[in-house]
Amino acid sequence: MWPEPITFVGLNARLEPLGQQHHDDLVEAVNDGDLWDHWYTAIPTPEGMAAEIDRRLGLQAKGSMLPFAVIALEGGLAGRAVGMTTYMNIDATNRRVEIGSTWYRRAVQRSPVNTECKRLLLSHAFEQLGCIAVEFRTHFFNHQSRRGIERLGAKLDGVLRNHQVNPHPAAAGSLRDTCVYSIIASEWPAVKAHLNHQMTKPRG
């Protein structure tokens with residue numbers, strides 16, 4: 001399997017292989033802000049959490065995804081799962097991965113957690129897996145996600161127009177335009193320095 005399951009430990013968060021043992025924490029997390037109630041995202045509902053964990057594990061078994069639970073290490077949520085993230089659309093032949101299907105409970109949004117998780121995943125992708133590029137994709141109207149990806153230092157490759165049918169009940173019949181961003185291997189040293197700096201000056 002490429003990449004193989006692994007646990008990453010930072011100062012603010014730990015990424016560990018996703019499992020059903022994270023279910024209850026993740027249900028509580030997704031209820032913090034009713035995160036599934038955004039028409040331009042695909043975040044599981046509380047009652048759909050077990051099925052979403054199984055779906056991600058099924059994709060892992062097929063070799064196309066490596067899902068993680070995000071565990072907080074600081075504050076009142078220390079030791080609790082506060083979100084999910086993944087390596088997805090894994091292309092071992094061309095040494096490319098996408099970092100995506102990411103969400104965090106509201107209490108840790110705009111905190112160092114996301115920056116640190118991206119820093120850990122990117123570092124492993126470029127320095128251990130030898131990736132030539134890492135992608136990020138998001139809905140054209142998900143402006144919060146787009147700003148977050150751009151703050152990492154990723155560059156917009158383009159917009160896939162009418163890329164997918166939007167399954168969200170609040171957007172029935174609509175089509176998704178997908179913004180595709182990437183960081184390529186030659187850019188990683190500068191992006192790494194930028195993220196290290198960001199970690200010393202977390203957003204307020």
# chains A, B, ... in the order shown; residues from 1 in each chain; ligands from 1
>>> select_by_dssp(residues="range 45-200 of chain A", states="helix (DSSP H, G or I)", output="JSON, numbers by chain")
{"A": [46, 47, 48, 49, 50, 51, 52, 53, 54, 55, 56, 57, 58, 59, 60, 61, 75, 76, 77, 106, 107, 108, 112, 113, 114, 115, 116, 117, 118, 119, 120, 121, 122, 123, 124, 125, 126, 127, 128, 143, 144, 145, 146, 147, 148, 149, 150, 151, 152, 169, 170, 171, 185, 186, 187, 188, 189, 190, 191, 192, 193, 194, 195, 196, 197, 198, 199, 200]}
>>> residues_around(residues="Thr93 in chain A", least_positions_apart="5", cutoff="12 Å", atoms="only C-alpha atoms", output="number ranges by chain")
A: 1-3, 129-132
>>> residues_around(residues="Gly158 in chain A", least_positions_apart="3", cutoff="10 Å", atoms="only C-alpha atoms", output="count of residues only")
7
>>> atom_distance(atom1="CA of Lys118 in chain A", atom2="CA of Pro167 in chain A")
26.7 Å
>>> closest_residue(among="A:Gly100, A:Pro17, A:Pro67, A:Gly76", to="His139 in chain A", atoms="only C-alpha atoms")
A:Gly100
>>> closest_residue(among="A:Asn162, A:Pro5, A:Lys62, A:Glu116", to="Leu195 in chain A", atoms="only C-alpha atoms")
A:Glu116
>>> residues_around(residues="range 78-91 of chain A", least_positions_apart="6", cutoff="8 Å", atoms="only C-alpha atoms", output="MDAnalysis selection string")
chainID A and resid 18 22 25:26 29:30 63:72 97:105 108
>>> closest_residue(among="A:Cys117, A:Leu160, A:Ile184, A:Ala193", to="Asn12 in chain A", atoms="only C-alpha atoms")
A:Cys117
>>> select_by_dssp(residues="range 40-93 of chain A", states="strand (DSSP E or B)", output="list of chain:residue names")
A:Met65, A:Leu66, A:Pro67, A:Phe68, A:Ala69, A:Val70, A:Ile71, A:Ala72, A:Ala81, A:Val82, A:Gly83, A:Met84, A:Thr85, A:Thr86, A:Tyr87, A:Met88, A:Asn89, A:Ile90, A:Asp91
>>> write_last_selection(atoms="C-alpha atoms", output="compact mmCIF listing (two decimals), in the first residue's frame")
# COMPACT_ATOMS: atom_id res chain seq x y z
CA MET A 65 -7.72 6.89 0.22
CA LEU A 66 -5.89 7.00 3.55
CA PRO A 67 -8.26 8.57 6.12
CA PHE A 68 -7.29 10.13 9.45
CA ALA A 69 -9.06 11.29 12.57
CA VAL A 70 -7.76 14.62 13.86
CA ILE A 71 -7.16 14.46 17.62
CA ALA A 72 -6.77 17.68 19.59
CA ALA A 81 -11.38 13.63 17.76
CA VAL A 82 -12.27 17.07 16.36
CA GLY A 83 -12.41 16.34 12.63
CA MET A 84 -11.29 14.25 9.67
CA THR A 85 -8.82 14.59 6.83
CA THR A 86 -7.42 12.25 4.17
CA TYR A 87 -4.93 11.49 1.48
CA MET A 88 -7.30 10.76 -1.41
CA ASN A 89 -7.29 10.15 -5.16
CA ILE A 90 -4.00 8.36 -4.53
CA ASP A 91 -1.95 7.84 -7.70
>>> closest_residue(among="A:Leu59, A:His168, A:Leu35, A:Thr115", to="Gly148 in chain A", atoms="only C-alpha atoms")
A:Thr115
>>> closest_atom_pairs(of="range 2-73 of chain A", to="range 169-172 of chain A", cutoff="9 Å", atoms="only C-alpha atoms", output="Markdown table")
| residue | atom | partner | partner_atom | distance |
| --- | --- | --- | --- | --- |
| A:Asp37 | CA | A:Ala170 | CA | 8.3 |
| A:His38 | CA | A:Ala170 | CA | 8.1 |
| A:Trp39 | CA | A:Ala170 | CA | 5.6 |
| A:Tyr40 | CA | A:Ala171 | CA | 7.9 |
>>> atom_distance(atom1="CA of Leu57 in chain A", atom2="CA of Val165 in chain A")
23.2 Å
>>> atom_distance(atom1="CA of Ala42 in chain A", atom2="CA of Arg119 in chain A")
23.2 Å
>>> closest_residue(among="A:Ile183, A:Ala133, A:Ile6, A:Leu77", to="Leu156 in chain A", atoms="only C-alpha atoms")
A:Ile183
>>> closest_residue(among="A:Asp32, A:Ser111, A:His143, A:Asp54", to="Lys201 in chain A", atoms="only C-alpha atoms")
A:Ser111
>>> decode(residues="range 58-73 of chain A", atoms="all heavy atoms", output="compact mmCIF listing (two decimals), in the first residue's frame")
# COMPACT_ATOMS: atom_id res chain seq x y z
N GLY A 58 -13.58 1.83 3.29
CA GLY A 58 -13.72 1.05 2.07
C GLY A 58 -12.81 1.55 0.97
O GLY A 58 -12.20 0.76 0.24
N LEU A 59 -12.71 2.87 0.83
CA LEU A 59 -11.80 3.45 -0.16
C LEU A 59 -10.34 3.16 0.21
O LEU A 59 -9.50 2.96 -0.66
CB LEU A 59 -12.05 4.95 -0.27
CG LEU A 59 -13.38 5.35 -0.90
CD1 LEU A 59 -13.60 6.85 -0.80
CD2 LEU A 59 -13.46 4.89 -2.35
N GLN A 60 -10.05 3.13 1.52
CA GLN A 60 -8.70 2.75 1.93
C GLN A 60 -8.39 1.32 1.50
O GLN A 60 -7.28 1.04 1.00
CB GLN A 60 -8.55 2.88 3.45
CG GLN A 60 -7.16 2.46 3.95
CD GLN A 60 -7.01 2.65 5.45
OE1 GLN A 60 -7.79 3.34 6.09
NE2 GLN A 60 -6.00 2.02 6.02
N ALA A 61 -9.34 0.43 1.67
CA ALA A 61 -9.13 -0.96 1.28
C ALA A 61 -8.86 -1.09 -0.21
O ALA A 61 -8.15 -2.01 -0.65
CB ALA A 61 -10.33 -1.81 1.69
N LYS A 62 -9.42 -0.19 -1.00
CA LYS A 62 -9.21 -0.20 -2.45
C LYS A 62 -7.93 0.53 -2.87
O LYS A 62 -7.57 0.52 -4.05
CB LYS A 62 -10.41 0.44 -3.15
CG LYS A 62 -11.69 -0.35 -2.99
CD LYS A 62 -12.87 0.38 -3.64
CE LYS A 62 -14.16 -0.38 -3.47
NZ LYS A 62 -15.32 0.33 -4.05
N GLY A 63 -7.27 1.19 -1.91
CA GLY A 63 -6.01 1.85 -2.20
C GLY A 63 -6.13 3.28 -2.72
O GLY A 63 -5.13 3.85 -3.15
N SER A 64 -7.33 3.86 -2.65
CA SER A 64 -7.50 5.21 -3.19
C SER A 64 -7.57 6.30 -2.13
O SER A 64 -7.61 7.49 -2.45
CB SER A 64 -8.75 5.29 -4.07
OG SER A 64 -9.92 5.09 -3.30
N MET A 65 -7.62 5.91 -0.86
CA MET A 65 -7.72 6.89 0.22
C MET A 65 -7.01 6.38 1.45
O MET A 65 -6.96 5.17 1.70
CB MET A 65 -9.20 7.18 0.55
CG MET A 65 -9.40 8.16 1.71
SD MET A 65 -11.16 8.47 2.11
CE MET A 65 -11.61 9.62 0.81
N LEU A 66 -6.43 7.31 2.23
CA LEU A 66 -5.89 7.00 3.55
C LEU A 66 -6.49 8.02 4.52
O LEU A 66 -6.06 9.17 4.57
CB LEU A 66 -4.36 7.08 3.56
CG LEU A 66 -3.67 6.70 4.87
CD1 LEU A 66 -4.04 5.29 5.32
CD2 LEU A 66 -2.16 6.84 4.75
N PRO A 67 -7.54 7.62 5.27
CA PRO A 67 -8.26 8.57 6.12
C PRO A 67 -7.69 8.65 7.53
O PRO A 67 -7.20 7.67 8.10
CB PRO A 67 -9.67 7.99 6.14
CG PRO A 67 -9.47 6.51 6.03
CD PRO A 67 -8.23 6.31 5.20
N PHE A 68 -7.80 9.86 8.10
CA PHE A 68 -7.29 10.13 9.45
C PHE A 68 -8.38 10.78 10.29
O PHE A 68 -9.20 11.56 9.79
CB PHE A 68 -6.11 11.10 9.41
CG PHE A 68 -4.92 10.60 8.65
CD1 PHE A 68 -4.78 10.90 7.30
CD2 PHE A 68 -3.94 9.85 9.27
CE1 PHE A 68 -3.68 10.46 6.59
CE2 PHE A 68 -2.83 9.40 8.56
CZ PHE A 68 -2.71 9.71 7.21
N ALA A 69 -8.35 10.49 11.59
CA ALA A 69 -9.06 11.29 12.57
C ALA A 69 -8.08 12.32 13.12
O ALA A 69 -6.90 12.01 13.34
CB ALA A 69 -9.58 10.42 13.71
N VAL A 70 -8.57 13.55 13.30
CA VAL A 70 -7.76 14.62 13.86
C VAL A 70 -8.05 14.70 15.36
O VAL A 70 -9.19 14.94 15.76
CB VAL A 70 -8.09 15.97 13.20
CG1 VAL A 70 -7.24 17.08 13.80
CG2 VAL A 70 -7.88 15.89 11.68
N ILE A 71 -7.02 14.48 16.17
CA ILE A 71 -7.16 14.46 17.62
C ILE A 71 -6.54 15.71 18.20
O ILE A 71 -5.35 16.00 17.96
CB ILE A 71 -6.48 13.22 18.24
CG1 ILE A 71 -6.87 11.94 17.49
CG2 ILE A 71 -6.79 13.12 19.73
CD1 ILE A 71 -8.33 11.60 17.52
N ALA A 72 -7.31 16.48 18.95
CA ALA A 72 -6.77 17.68 19.59
C ALA A 72 -5.81 17.29 20.71
O ALA A 72 -6.03 16.30 21.42
CB ALA A 72 -7.91 18.53 20.15
N LEU A 73 -4.76 18.09 20.87
CA LEU A 73 -3.78 17.83 21.93
C LEU A 73 -3.73 18.94 22.96
O LEU A 73 -3.02 18.81 23.96
CB LEU A 73 -2.38 17.64 21.31
CG LEU A 73 -2.19 16.44 20.40
CD1 LEU A 73 -0.76 16.39 19.89
CD2 LEU A 73 -2.57 15.14 21.10
